[in-house]
Amino acid sequence: MKTKYLEQVYNEISYQIKACVGFPDAYILLTNDQERFIIDLFENERQAVKETLLETVEEMKGLIDEL
């Protein structure tokens with residue numbers, strides 16, 4: 001995973017939202033546990049999107065076969 005991308009995305013989240021959950025304003029200030037949480041969250045979401053896309057591709061293949 002590209003840490004720079006994840007850092008950029010994290011830093012674009014509003015300060016108010018991060019403050020509400022007790023996270024620091026900047027990615028570089030995350031504790032190791034907080035950083036692991038963000039990485040795991042990102043990976044889980046990415047995996048869910050990938051699975052959905054693969055299911056959609058299979059559905060499209062089925063539709064093409066019907067045509």
# chains A, B, ... in the order shown; residues from 1 in each chain; ligands from 1

$ closest_atom_pairs --of "region 14-66 of chain A" --to "region 6-10 of chain A" --cutoff "10 Å" --atoms "only C-alpha atoms" --output "Markdown table"
| residue | atom | partner | partner_atom | distance |
| --- | --- | --- | --- | --- |
| A:Ser14 | CA | A:Tyr10 | CA | 8.8 |
| A:Lys18 | CA | A:Tyr10 | CA | 9.2 |
| A:Asp25 | CA | A:Tyr10 | CA | 8.8 |
| A:Ala26 | CA | A:Tyr10 | CA | 7.6 |
| A:Tyr27 | CA | A:Glu7 | CA | 5.6 |
| A:Ile28 | CA | A:Glu7 | CA | 7.9 |
| A:Glu35 | CA | A:Glu7 | CA | 9.7 |
| A:Ile38 | CA | A:Leu6 | CA | 8.4 |
| A:Ile39 | CA | A:Leu6 | CA | 7.8 |
| A:Phe42 | CA | A:Leu6 | CA | 8.1 |

$ write_last_selection --atoms "C-alpha atoms" --output "tab-separated table (two decimals), in the first residue's frame"
chain	number	residue	atom	x	y	z
A	14	SER	CA	-11.56	17.78	8.35
A	18	LYS	CA	-10.57	13.81	13.54
A	25	ASP	CA	-4.79	16.58	12.82
A	26	ALA	CA	-1.83	15.26	10.80
A	27	TYR	CA	-1.13	11.68	9.72
A	28	ILE	CA	2.46	11.92	10.92
A	35	GLU	CA	-1.99	4.23	12.06
A	38	ILE	CA	-6.38	3.55	9.49
A	39	ILE	CA	-4.42	1.10	7.34
A	42	PHE	CA	-8.52	1.32	4.23

$ select_by_dssp --residues "chain A" --states "helix (DSSP H, G or I)" --output "number ranges by chain"
A: 3-12, 15-20, 27-29, 32-66

$ atom_distance --atom1 "CA of Tyr15 (chain A)" --atom2 "CA of Leu30 (chain A)"
13.5 Å

$ atom_distance --atom1 "CA of Ile64 (chain A)" --atom2 "CA of Val49 (chain A)"
22.5 Å

$ atom_distance --atom1 "CA of Leu29 (chain A)" --atom2 "CA of Ala48 (chain A)"
27.9 Å

$ decode --residues "region 25-52 of chain A" --atoms "N, CA and C atoms" --output "short mmCIF file (atom, residue, chain, number, x, y, z; two decimals), in the first residue's frame"
data_model
loop_
_atom_site.label_atom_id
_atom_site.label_comp_id
_atom_site.auth_asym_id
_atom_site.auth_seq_id
_atom_site.Cartn_x
_atom_site.Cartn_y
_atom_site.Cartn_z
N ASP A 25 -4.49 15.87 14.07
CA ASP A 25 -4.79 16.58 12.82
C ASP A 25 -3.97 16.05 11.65
N ALA A 26 -2.72 15.69 11.87
CA ALA A 26 -1.83 15.26 10.80
C ALA A 26 -1.52 13.76 10.92
N TYR A 27 -1.42 13.11 9.78
CA TYR A 27 -1.13 11.68 9.72
C TYR A 27 0.16 11.34 10.46
N ILE A 28 1.15 12.18 10.32
CA ILE A 28 2.46 11.92 10.92
C ILE A 28 2.39 11.85 12.44
N LEU A 29 1.36 12.42 13.03
CA LEU A 29 1.21 12.44 14.49
C LEU A 29 0.42 11.25 15.04
N LEU A 30 -0.04 10.36 14.17
CA LEU A 30 -0.78 9.18 14.62
C LEU A 30 0.13 8.28 15.45
N THR A 31 -0.46 7.65 16.46
CA THR A 31 0.29 6.62 17.19
C THR A 31 0.36 5.39 16.29
N ASN A 32 1.19 4.44 16.66
CA ASN A 32 1.28 3.21 15.87
C ASN A 32 -0.06 2.50 15.80
N ASP A 33 -0.79 2.45 16.91
CA ASP A 33 -2.11 1.80 16.92
C ASP A 33 -3.11 2.53 16.03
N GLN A 34 -3.09 3.85 16.08
CA GLN A 34 -4.00 4.63 15.24
C GLN A 34 -3.68 4.43 13.76
N GLU A 35 -2.39 4.43 13.45
CA GLU A 35 -1.99 4.23 12.06
C GLU A 35 -2.41 2.85 11.57
N ARG A 36 -2.21 1.83 12.39
CA ARG A 36 -2.62 0.46 12.03
C ARG A 36 -4.13 0.41 11.80
N PHE A 37 -4.89 1.11 12.63
CA PHE A 37 -6.35 1.16 12.47
C PHE A 37 -6.72 1.77 11.12
N ILE A 38 -6.10 2.88 10.77
CA ILE A 38 -6.38 3.55 9.49
C ILE A 38 -6.01 2.64 8.32
N ILE A 39 -4.86 2.00 8.40
CA ILE A 39 -4.42 1.10 7.34
C ILE A 39 -5.39 -0.07 7.19
N ASP A 40 -5.77 -0.68 8.31
CA ASP A 40 -6.71 -1.81 8.26
C ASP A 40 -8.07 -1.38 7.72
N LEU A 41 -8.52 -0.22 8.13
CA LEU A 41 -9.80 0.30 7.65
C LEU A 41 -9.76 0.50 6.14
N PHE A 42 -8.69 1.08 5.66
CA PHE A 42 -8.52 1.32 4.23
C PHE A 42 -8.46 0.00 3.46
N GLU A 43 -7.71 -0.96 3.97
CA GLU A 43 -7.58 -2.26 3.30
C GLU A 43 -8.91 -3.00 3.25
N ASN A 44 -9.66 -2.97 4.36
CA ASN A 44 -10.96 -3.64 4.39
C ASN A 44 -11.92 -3.01 3.38
N GLU A 45 -11.93 -1.70 3.31
CA GLU A 45 -12.82 -1.01 2.37
C GLU A 45 -12.40 -1.31 0.94
N ARG A 46 -11.12 -1.30 0.68
CA ARG A 46 -10.62 -1.58 -0.66
C ARG A 46 -10.97 -3.00 -1.08
N GLN A 47 -10.87 -3.94 -0.16
CA GLN A 47 -11.22 -5.33 -0.47
C GLN A 47 -12.70 -5.46 -0.78
N ALA A 48 -13.56 -4.77 -0.05
CA ALA A 48 -15.00 -4.81 -0.30
C ALA A 48 -15.33 -4.26 -1.68
N VAL A 49 -14.69 -3.17 -2.06
CA VAL A 49 -14.91 -2.58 -3.38
C VAL A 49 -14.44 -3.54 -4.47
N LYS A 50 -13.31 -4.17 -4.24
CA LYS A 50 -12.77 -5.12 -5.22
C LYS A 50 -13.73 -6.29 -5.42
N GLU A 51 -14.25 -6.83 -4.35
CA GLU A 51 -15.19 -7.94 -4.44
C GLU A 51 -16.45 -7.54 -5.19
N THR A 52 -16.96 -6.35 -4.92
CA THR A 52 -18.15 -5.85 -5.61
C THR A 52 -17.88 -5.70 -7.10
#
